[in-house]
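Undergrad: Quick one, upload_25.pdb (PDB, C-alpha atoms and all ligand atoms):
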```pdb
MODEL        1
ATOM      1  CA  MET I   1     -15.935  -8.831   1.068
ATOM      2  CA  ASN I   2     -16.359  -9.760   4.700
ATOM      3  CA  GLY I   3     -18.601  -6.916   5.660
ATOM      4  CA  GLY I   4     -17.672  -3.663   7.221
ATOM      5  CA  ASP I   5     -15.554  -4.726  10.138
ATOM      6  CA  THR I   6     -12.139  -3.401  11.054
ATOM      7  CA  ILE I   7      -9.120  -5.106   9.495
ATOM      8  CA  LEU I   8      -6.444  -2.849  10.966
ATOM      9  CA  ARG I   9      -6.372  -0.602  13.984
ATOM     10  CA  VAL I  10      -3.567   1.598  15.241
ATOM     11  CA  GLU I  11      -3.655   3.132  18.684
ATOM     12  CA  ASN I  12      -1.515   6.025  19.858
ATOM     13  CA  LEU I  13       1.118   5.072  17.317
ATOM     14  CA  ARG I  14       4.313   7.055  17.629
ATOM     15  CA  LYS I  15       7.720   6.967  15.962
ATOM     16  CA  GLN I  16      10.494   9.231  17.035
ATOM     17  CA  PHE I  17      13.821   9.596  15.238
ATOM     18  CA  ASP I  18      16.221  11.523  17.464
ATOM     19  CA  GLY I  19      14.603  14.947  17.643
ATOM     20  CA  ILE I  20      11.890  14.322  15.037
ATOM     21  CA  VAL I  21       8.522  12.797  15.842
ATOM     22  CA  ALA I  22       7.630  11.359  12.427
ATOM     23  CA  VAL I  23       4.376   9.715  13.548
ATOM     24  CA  ASP I  24       2.809  11.385  16.541
ATOM     25  CA  ASP I  25       0.119   9.645  18.577
ATOM     26  CA  VAL I  26      -1.966   8.457  15.632
ATOM     27  CA  THR I  27      -5.089   6.437  16.357
ATOM     28  CA  ALA I  28      -7.104   5.194  13.383
ATOM     29  CA  GLU I  29      -9.244   2.314  12.145
ATOM     30  CA  PHE I  30      -9.211   0.831   8.667
ATOM     31  CA  ARG I  31     -12.265  -1.083   7.554
ATOM     32  CA  ARG I  32     -12.383  -4.035   5.214
ATOM     33  CA  ASP I  33     -14.949  -2.550   2.911
ATOM     34  CA  GLU I  34     -13.319   0.831   2.418
ATOM     35  CA  LEU I  35     -10.423   2.198   0.434
ATOM     36  CA  HIS I  36      -8.440   4.477   2.699
ATOM     37  CA  ALA I  37      -6.163   7.134   1.277
ATOM     38  CA  ILE I  38      -3.407   8.748   3.315
ATOM     39  CA  ILE I  39      -2.457  12.239   2.257
ATOM     40  CA  GLY I  40      -0.275  14.952   3.710
ATOM     41  CA  PRO I  41       2.509  17.356   2.770
ATOM     42  CA  ASN I  42       6.095  16.182   2.310
ATOM     43  CA  GLY I  43       7.495  14.955   5.612
ATOM     44  CA  ALA I  44       4.023  14.426   7.102
ATOM     45  CA  GLY I  45       4.914  10.896   8.184
ATOM     46  CA  LYS I  46       3.076   8.850   5.540
ATOM     47  CA  THR I  47       5.972   6.593   4.569
ATOM     48  CA  THR I  48       7.015   6.147   8.188
ATOM     49  CA  PHE I  49       3.427   5.133   8.965
ATOM     50  CA  PHE I  50       3.586   2.413   6.278
ATOM     51  CA  ASN I  51       6.997   1.310   7.548
ATOM     52  CA  LEU I  52       5.523   0.857  11.023
ATOM     53  CA  LEU I  53       2.607  -1.187   9.667
ATOM     54  CA  THR I  54       4.888  -3.568   7.752
ATOM     55  CA  GLY I  55       7.418  -3.936  10.560
ATOM     56  CA  ALA I  56      10.216  -2.254   8.595
ATOM     57  CA  LEU I  57      10.354   0.139  11.554
ATOM     58  CA  SER I  58       9.453  -0.548  15.159
ATOM     59  CA  PRO I  59       7.194   2.003  16.847
ATOM     60  CA  THR I  60       8.503   4.053  19.753
ATOM     61  CA  SER I  61       5.130   3.431  21.398
ATOM     62  CA  GLY I  62       1.585   2.521  20.509
ATOM     63  CA  THR I  63      -0.149  -0.568  19.166
ATOM     64  CA  ILE I  64      -0.921  -2.095  15.758
ATOM     65  CA  VAL I  65      -3.693  -4.686  15.582
ATOM     66  CA  PHE I  66      -4.215  -6.586  12.320
ATOM     67  CA  GLU I  67      -7.178  -8.938  12.019
ATOM     68  CA  GLY I  68      -7.590  -8.860  15.780
ATOM     69  CA  GLU I  69      -3.959  -9.796  16.520
ATOM     70  CA  ASP I  70      -1.336  -7.518  18.001
ATOM     71  CA  ILE I  71       1.459  -7.255  15.419
ATOM     72  CA  THR I  72       3.165  -4.215  16.925
ATOM     73  CA  HIS I  73       6.534  -5.903  17.299
ATOM     74  CA  ALA I  74       6.178  -8.728  14.768
ATOM     75  CA  ALA I  75       8.963  -9.270  12.223
ATOM     76  CA  PRO I  76       8.356  -7.990   8.664
ATOM     77  CA  SER I  77       8.314 -11.560   7.315
ATOM     78  CA  GLU I  78       5.658 -12.550   9.839
ATOM     79  CA  ILE I  79       3.529  -9.501   9.011
ATOM     80  CA  ALA I  80       3.778 -10.293   5.286
ATOM     81  CA  ARG I  81       2.910 -13.924   5.973
ATOM     82  CA  ARG I  82      -0.247 -12.760   7.693
ATOM     83  CA  GLY I  83      -1.186 -10.947   4.478
ATOM     84  CA  LEU I  84      -0.370  -7.329   5.263
ATOM     85  CA  ILE I  85       1.467  -6.596   2.024
ATOM     86  CA  ARG I  86       3.064  -3.409   0.808
ATOM     87  CA  SER I  87       3.399  -3.378  -2.922
ATOM     88  CA  TYR I  88       6.819  -1.865  -3.169
ATOM     89  CA  GLN I  89       8.455  -3.592  -0.270
ATOM     90  CA  VAL I  90       7.984  -7.100  -1.607
ATOM     91  CA  THR I  91       8.625  -6.048  -5.138
ATOM     92  CA  LYS I  92      12.256  -5.801  -5.678
ATOM     93  CA  LEU I  93      11.644  -6.720  -9.286
ATOM     94  CA  PHE I  94      14.045  -9.194 -10.829
ATOM     95  CA  ASP I  95      15.129  -7.201 -13.874
ATOM     96  CA  GLY I  96      16.678 -10.139 -15.684
ATOM     97  CA  LEU I  97      13.607 -12.360 -15.329
ATOM     98  CA  THR I  98      10.438 -12.164 -17.347
ATOM     99  CA  VAL I  99       7.271 -10.507 -16.190
ATOM    100  CA  LEU I 100       5.603 -13.911 -15.734
ATOM    101  CA  GLU I 101       8.573 -15.251 -13.777
ATOM    102  CA  ASN I 102       8.508 -12.272 -11.431
ATOM    103  CA  VAL I 103       4.883 -12.925 -10.547
ATOM    104  CA  ALA I 104       5.402 -16.715 -10.397
ATOM    105  CA  ILE I 105       8.136 -16.256  -7.781
ATOM    106  CA  ALA I 106       5.702 -14.311  -5.608
ATOM    107  CA  VAL I 107       3.007 -16.970  -6.047
ATOM    108  CA  GLN I 108       5.493 -19.711  -5.265
ATOM    109  CA  SER I 109       6.799 -17.965  -2.160
ATOM    110  CA  ARG I 110       3.289 -17.878  -0.782
ATOM    111  CA  GLU I 111       2.402 -21.426  -1.702
ATOM    112  CA  ASN I 112       5.660 -22.879  -0.404
ATOM    113  CA  ALA I 113       4.860 -21.311   2.921
ATOM    114  CA  TYR I 114       1.926 -23.691   3.043
ATOM    115  CA  ASN I 115       3.763 -26.603   1.380
ATOM    116  CA  PHE I 116       0.881 -26.875  -1.003
ATOM    117  CA  TRP I 117       2.369 -26.939  -4.457
ATOM    118  CA  GLY I 118       5.663 -28.407  -5.544
ATOM    119  CA  ALA I 119       8.254 -26.096  -7.057
ATOM    120  CA  THR I 120       7.508 -27.197 -10.611
ATOM    121  CA  ASP I 121       3.748 -27.263 -10.417
ATOM    122  CA  PRO I 122       2.278 -25.655 -13.556
ATOM    123  CA  ALA I 123      -0.485 -24.254 -11.372
ATOM    124  CA  ILE I 124       2.007 -21.627 -10.206
ATOM    125  CA  ASP I 125       2.465 -20.282 -13.729
ATOM    126  CA  GLU I 126      -1.271 -20.507 -14.335
ATOM    127  CA  ARG I 127      -1.986 -18.412 -11.251
ATOM    128  CA  ALA I 128       0.746 -15.939 -12.256
ATOM    129  CA  TYR I 129      -0.805 -15.639 -15.706
ATOM    130  CA  GLU I 130      -4.238 -15.019 -14.212
ATOM    131  CA  ILE I 131      -2.769 -12.162 -12.212
ATOM    132  CA  LEU I 132      -1.192 -10.708 -15.354
ATOM    133  CA  GLU I 133      -4.629 -10.848 -16.972
ATOM    134  CA  GLN I 134      -6.067  -9.006 -14.021
ATOM    135  CA  VAL I 135      -3.546  -6.179 -14.305
ATOM    136  CA  ASP I 136      -3.595  -6.242 -18.114
ATOM    137  CA  LEU I 137       0.059  -7.212 -18.584
ATOM    138  CA  THR I 138      -0.313 -10.528 -20.437
ATOM    139  CA  SER I 139       1.086  -9.014 -23.621
ATOM    140  CA  LYS I 140       4.345  -8.483 -21.694
ATOM    141  CA  ALA I 141       4.419 -11.885 -19.978
ATOM    142  CA  ASP I 142       7.613 -12.956 -21.755
ATOM    143  CA  SER I 143       9.352  -9.572 -21.670
ATOM    144  CA  LEU I 144      12.189  -9.021 -19.270
ATOM    145  CA  ALA I 145      11.087  -6.822 -16.382
ATOM    146  CA  GLU I 146      13.942  -4.432 -17.161
ATOM    147  CA  ASN I 147      12.495  -3.763 -20.616
ATOM    148  CA  LEU I 148       9.130  -2.535 -19.332
ATOM    149  CA  SER I 149       8.203   1.143 -19.253
ATOM    150  CA  HIS I 150       8.176   2.821 -15.844
ATOM    151  CA  GLY I 151       4.378   2.607 -15.698
ATOM    152  CA  GLU I 152       4.406  -1.075 -16.623
ATOM    153  CA  GLN I 153       7.007  -1.777 -13.943
ATOM    154  CA  ARG I 154       4.842  -0.093 -11.318
ATOM    155  CA  THR I 155       1.932  -2.217 -12.471
ATOM    156  CA  LEU I 156       4.134  -5.312 -12.280
ATOM    157  CA  GLU I 157       4.971  -4.363  -8.704
ATOM    158  CA  ILE I 158       1.261  -4.527  -7.925
ATOM    159  CA  ALA I 159       1.003  -7.865  -9.754
ATOM    160  CA  VAL I 160       3.839  -9.267  -7.640
ATOM    161  CA  ALA I 161       2.055  -8.089  -4.503
ATOM    162  CA  LEU I 162      -1.113  -9.840  -5.689
ATOM    163  CA  GLY I 163       0.883 -13.044  -6.110
ATOM    164  CA  THR I 164       1.443 -13.142  -2.362
ATOM    165  CA  GLU I 165      -2.317 -13.117  -1.717
ATOM    166  CA  PRO I 166      -2.689  -9.965   0.326
ATOM    167  CA  LYS I 167      -5.413  -9.588   2.900
ATOM    168  CA  LEU I 168      -4.667  -5.889   3.097
ATOM    169  CA  LEU I 169      -2.751  -4.136   0.344
ATOM    170  CA  LEU I 170      -0.672  -1.028   1.039
ATOM    171  CA  LEU I 171       0.063   0.986  -2.076
ATOM    172  CA  ASP I 172       2.670   3.732  -1.839
ATOM    173  CA  GLU I 173       2.005   6.289  -4.569
ATOM    174  CA  PRO I 174       1.259   3.727  -7.284
ATOM    175  CA  THR I 175       0.877   6.445  -9.920
ATOM    176  CA  SER I 176       4.089   8.342  -9.218
ATOM    177  CA  GLY I 177       6.061   9.095 -12.343
ATOM    178  CA  MET I 178       3.258   7.876 -14.588
ATOM    179  CA  SER I 179       1.816   9.514 -17.668
ATOM    180  CA  PRO I 180      -1.828  10.675 -17.487
ATOM    181  CA  GLU I 181      -2.866   7.627 -19.513
ATOM    182  CA  GLU I 182      -0.961   5.218 -17.246
ATOM    183  CA  THR I 183      -2.405   7.000 -14.222
ATOM    184  CA  ARG I 184      -5.927   6.411 -15.539
ATOM    185  CA  GLU I 185      -5.157   2.734 -16.042
ATOM    186  CA  VAL I 186      -3.834   2.356 -12.509
ATOM    187  CA  ILE I 187      -6.885   4.149 -11.098
ATOM    188  CA  GLY I 188      -9.019   1.611 -12.969
ATOM    189  CA  LEU I 189      -6.926  -1.251 -11.612
ATOM    190  CA  VAL I 190      -7.125   0.046  -8.040
ATOM    191  CA  GLY I 191     -10.887   0.375  -8.507
ATOM    192  CA  ASP I 192     -11.046  -3.311  -9.511
ATOM    193  CA  LEU I 193      -8.752  -4.517  -6.745
ATOM    194  CA  ARG I 194     -10.672  -2.754  -4.012
ATOM    195  CA  THR I 195     -13.629  -5.025  -4.679
ATOM    196  CA  GLU I 196     -11.386  -7.951  -3.717
ATOM    197  CA  PHE I 197      -9.602  -6.713  -0.637
ATOM    198  CA  PRO I 198      -9.003  -3.667   1.525
ATOM    199  CA  ILE I 199      -6.455  -1.130   0.303
ATOM    200  CA  ILE I 200      -4.608   1.702   1.989
ATOM    201  CA  LEU I 201      -3.137   4.092  -0.526
ATOM    202  CA  ILE I 202      -0.579   6.850  -0.065
ATOM    203  CA  GLU I 203      -1.172   9.289  -2.869
ATOM    204  CA  HIS I 204      -0.182  12.841  -3.677
ATOM    205  CA  LYS I 205      -2.517  13.400  -6.606
ATOM    206  CA  MET I 206      -5.822  14.658  -5.245
ATOM    207  CA  SER I 207      -7.532  13.699  -8.513
ATOM    208  CA  VAL I 208      -6.632  10.067  -7.812
ATOM    209  CA  VAL I 209      -7.703  10.284  -4.166
ATOM    210  CA  ASN I 210     -11.015  11.877  -5.068
ATOM    211  CA  GLU I 211     -11.741   9.150  -7.558
ATOM    212  CA  VAL I 212     -10.991   6.074  -5.452
ATOM    213  CA  ALA I 213     -11.029   6.874  -1.721
ATOM    214  CA  ASP I 214     -13.890   6.133   0.668
ATOM    215  CA  ARG I 215     -12.000   7.733   3.525
ATOM    216  CA  ILE I 216      -9.042  10.061   3.743
ATOM    217  CA  LEU I 217      -6.574  10.159   6.615
ATOM    218  CA  VAL I 218      -4.677  13.440   6.594
ATOM    219  CA  LEU I 219      -1.304  13.556   8.331
ATOM    220  CA  HIS I 220       0.566  16.753   9.108
ATOM    221  CA  ASN I 221       3.827  16.864  11.074
ATOM    222  CA  GLY I 222       3.145  13.263  12.072
ATOM    223  CA  ARG I 223      -0.229  14.020  13.602
ATOM    224  CA  LYS I 224      -3.654  13.020  12.392
ATOM    225  CA  LEU I 225      -5.312  16.146  11.112
ATOM    226  CA  ALA I 226      -8.473  14.561   9.742
ATOM    227  CA  ASP I 227      -9.916  11.116   9.096
ATOM    228  CA  ASP I 228     -13.237  11.128   7.333
ATOM    229  CA  ARG I 229     -15.113  10.833   4.059
ATOM    230  CA  PRO I 230     -13.587  12.847   1.194
ATOM    231  CA  GLU I 231     -16.404  15.385   1.065
ATOM    232  CA  VAL I 232     -15.944  16.117   4.772
ATOM    233  CA  VAL I 233     -12.151  16.273   4.616
ATOM    234  CA  LYS I 234     -12.229  18.653   1.654
ATOM    235  CA  GLN I 235     -14.325  21.079   3.659
ATOM    236  CA  ASP I 236     -12.110  20.897   6.746
ATOM    237  CA  GLU I 237     -10.667  24.353   7.332
ATOM    238  CA  GLU I 238      -7.389  23.132   8.805
ATOM    239  CA  VAL I 239      -6.834  20.612   6.005
ATOM    240  CA  ARG I 240      -7.447  23.299   3.409
ATOM    241  CA  ARG I 241      -5.035  25.607   5.157
ATOM    242  CA  VAL I 242      -2.103  23.221   5.612
ATOM    243  CA  TYR I 243      -2.451  20.941   2.655
ATOM    244  CA  LEU I 244      -4.815  22.011  -0.018
ATOM    245  CA  GLY I 245      -3.866  25.660   0.022
ATOM    246  CA  GLY I 246      -7.510  26.639   0.283
ATOM    247  CA  THR I 247      -8.233  25.415  -3.232
ATOM    248  CA  ALA I 248     -10.143  22.217  -2.452
TER     249      ALA I 248
HETATM  250  N1  LIG I 301      15.134   7.036   9.188
HETATM  251  C1  LIG I 301      14.879   8.314   9.524
HETATM  252  N2  LIG I 301      15.693   8.980  10.356
HETATM  253  C2  LIG I 301      15.444  10.246  10.733
HETATM  254  N3  LIG I 301      14.362  10.962  10.325
HETATM  255  C3  LIG I 301      13.510  10.337   9.485
HETATM  256  C4  LIG I 301      13.722   8.991   9.055
HETATM  257  N4  LIG I 301      12.681   8.648   8.213
HETATM  258  C5  LIG I 301      11.877   9.728   8.151
HETATM  259  N5  LIG I 301      12.370  10.739   8.915
HETATM  260  C6  LIG I 301      11.759  12.055   9.118
HETATM  261  O1  LIG I 301      10.437  11.832   9.560
HETATM  262  C7  LIG I 301       9.551  12.789   8.978
HETATM  263  C8  LIG I 301       8.453  12.065   8.198
HETATM  264  O2  LIG I 301       9.017  11.493   7.025
HETATM  265  P1  LIG I 301       8.194  10.560   6.034
HETATM  266  O3  LIG I 301       9.134  10.123   4.966
HETATM  267  O4  LIG I 301       7.469   9.527   6.794
HETATM  268  O5  LIG I 301       7.129  11.590   5.454
HETATM  269  P2  LIG I 301       6.216  11.472   4.147
HETATM  270  O6  LIG I 301       4.892  12.032   4.534
HETATM  271  O7  LIG I 301       6.252  10.089   3.631
HETATM  272  O8  LIG I 301       6.928  12.458   3.142
HETATM  273  P3  LIG I 301       7.028  12.410   1.518
HETATM  274  O9  LIG I 301       5.651  12.740   1.032
HETATM  275  O10 LIG I 301       8.036  13.473   1.233
HETATM  276  O11 LIG I 301       7.485  11.029   1.158
HETATM  277  C9  LIG I 301      10.410  13.697   8.114
HETATM  278  O12 LIG I 301      10.747  14.834   8.883
HETATM  279  C10 LIG I 301      11.617  12.843   7.829
HETATM  280  O13 LIG I 301      12.760  13.642   7.604
ENDMDL
END
```
What does the file become when written as structure tokens?
TA:
Amino acid sequence: MNGGDTILRVENLRKQFDGIVAVDDVTAEFRRDELHAIIGPNGAGKTTFFNLLTGALSPTSGTIVFEGEDITHAAPSEIARRGLIRSYQVTKLFDGLTVLENVAIAVQSRENAYNFWGATDPAIDERAYEILEQVDLTSKADSLAENLSHGEQRTLEIAVALGTEPKLLLLDEPTSGMSPEETREVIGLVGDLRTEFPIILIEHKMSVVNEVADRILVLHNGRKLADDRPEVVKQDEEVRRVYLGGTA
């Protein structure tokens, strides 16, 4: 960890689609040493927010600063090269390749960018295998990605993201569609990963958010409703009204 400084800052970020303002004047800071969760009802603007961060969408106005550099209008490939990695975006899994090969491709893509390793260097497979150990998928290393369970595929998506050496990892509902047991495993994995690098997590399950988040950013109709520690957000009257149904 590099201390508690800011890794990502957005200022007055706004995205308008025709008549809909999907992200509306959001200003927020994301610190290196904290796991930030983004919550909000359907249509709140969470996915659009991620798409703006990764360059998949260009903001209507506002600024995005990553590691002190303005990346507001940078190309997605440039943003990924800088280490702002969204798990699902880079993880079009190759169904017909093995689990190890999927991760090795990600490792190789990163290393080739630096011309460091040759294409056949065994160090690529070694690094890929280390990542599979980290996410507890070594037993599936030689399985085809298409033969994994849904939960295992989601975990492989995270492994592929790790292969690209993220400096900030964006996870978009990593537990969606998972069984309770798989969900617990992913919570454990996210807990491990957060000691290595900053994470921003979109998540619907409050049980997951409560377990892993240091801060919660609440979006509603594109606007920032709250941005604080979980215990503060859960007591926020407006958050309870619009999102938690008063049951927090
Ligand atoms: N490409 C698009 N064109 C037009 N409107 C869009 C587009 N993408 C998103 N929107 C609209 O922007 C608003 C925010 O959508 P977004 O998908 O970001 O919300 P979300 O919080 O991720 O929702 P969910 O939890 O359902 O995924 C919605 O009203 C949505 O219909």
Undergrad: Given the choices I:Ala128, I:Val26, I:Ile39, I:Val135, which gets closest to ligand LIG 301 (chain I) if the distance is worked out from all atoms listed in the file?
TA: I:Ile39
Undergrad: At a cut-off of 12 Å and counting all atoms listed in the file, what residues surround ligand LIG 301 (chain I)? Please answer as a PyMOL selection string.
TA: chain I and resi 14-24+38-52+56-58+172-173+176+201-205+217-224+243
Undergrad: Rounded to one decimal, what separation in Å do you get between CA of Thr6 (chain I) and CA of Val186 (chain I)?
TA: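 Pair CA of Thr6 (chain I) / CA of Val186 (chain I) returns 25.6 Å.
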Undergrad: Suppose a student applies the PyMOL selection byres (((chain I and resi 138) around 12) and not hetatm) to this structure; what residues should they get, written as a PDB file with C-alpha atoms, in the coordinates of the input?
TA:
```pdb
ATOM      1  CA  THR I  98      10.438 -12.164 -17.347  1.00  0.00           C
ATOM      2  CA  VAL I  99       7.271 -10.507 -16.190  1.00  0.00           C
ATOM      3  CA  LEU I 100       5.603 -13.911 -15.734  1.00  0.00           C
ATOM      4  CA  VAL I 103       4.883 -12.925 -10.547  1.00  0.00           C
ATOM      5  CA  GLU I 126      -1.271 -20.507 -14.335  1.00  0.00           C
ATOM      6  CA  ALA I 128       0.746 -15.939 -12.256  1.00  0.00           C
ATOM      7  CA  TYR I 129      -0.805 -15.639 -15.706  1.00  0.00           C
ATOM      8  CA  GLU I 130      -4.238 -15.019 -14.212  1.00  0.00           C
ATOM      9  CA  ILE I 131      -2.769 -12.162 -12.212  1.00  0.00           C
ATOM     10  CA  LEU I 132      -1.192 -10.708 -15.354  1.00  0.00           C
ATOM     11  CA  GLU I 133      -4.629 -10.848 -16.972  1.00  0.00           C
ATOM     12  CA  GLN I 134      -6.067  -9.006 -14.021  1.00  0.00           C
ATOM     13  CA  VAL I 135      -3.546  -6.179 -14.305  1.00  0.00           C
ATOM     14  CA  ASP I 136      -3.595  -6.242 -18.114  1.00  0.00           C
ATOM     15  CA  LEU I 137       0.059  -7.212 -18.584  1.00  0.00           C
ATOM     16  CA  SER I 139       1.086  -9.014 -23.621  1.00  0.00           C
ATOM     17  CA  LYS I 140       4.345  -8.483 -21.694  1.00  0.00           C
ATOM     18  CA  ALA I 141       4.419 -11.885 -19.978  1.00  0.00           C
ATOM     19  CA  ASP I 142       7.613 -12.956 -21.755  1.00  0.00           C
ATOM     20  CA  SER I 143       9.352  -9.572 -21.670  1.00  0.00           C
ATOM     21  CA  GLU I 152       4.406  -1.075 -16.623  1.00  0.00           C
ATOM     22  CA  THR I 155       1.932  -2.217 -12.471  1.00  0.00           C
ATOM     23  CA  LEU I 156       4.134  -5.312 -12.280  1.00  0.00           C
ATOM     24  CA  ALA I 159       1.003  -7.865  -9.754  1.00  0.00           C
TER      25      ALA I 159
END
```
Undergrad: CA of Leu162 (chain I) and CA of Val212 (chain I) are how many Å apart?
TA: 18.7 Å
Undergrad: Work out how far apart CA of Leu53 (chain I) and CA of Thr72 (chain I) are and give it in Å to one decimal.
TA: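 According to the coordinates, CA of Leu53 (chain I) and CA of Thr72 (chain I) are separated by 7.9 Å.
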Undergrad: So which residues are close to (-12.2, 0.0, 5.2), meaning at most 8 Å away in the file's coordinates with all atoms listed in the file counted, and can you show them as a PyMOL selection string?
TA: chain I and resi 4-7+29-36+198-199+214-215
Undergrad: Would you mind telling me which residue in I:Ile124, I:Leu93, I:Leu168, I:Val107 lies nearest to Gln153 (chain I) when using all atoms listed in the file?
TA: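 Counting all atoms listed in the file, the residue closest to Gln153 (chain I) is I:Leu93.
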Undergrad: Considering all atoms listed in the file, can you say which of I:Ala161, I:Ile85, I:Leu148, I:Leu225 comes closest to Val239 (chain I)?
TA: I:Leu225
Undergrad: Here is a test: counting only C-alpha atoms, which residue of I:Ala104, I:Val242, I:Val208, I:Leu193 is nearest to Thr175 (chain I)?
TA: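 Nearest to Thr175 (chain I): I:Val208.
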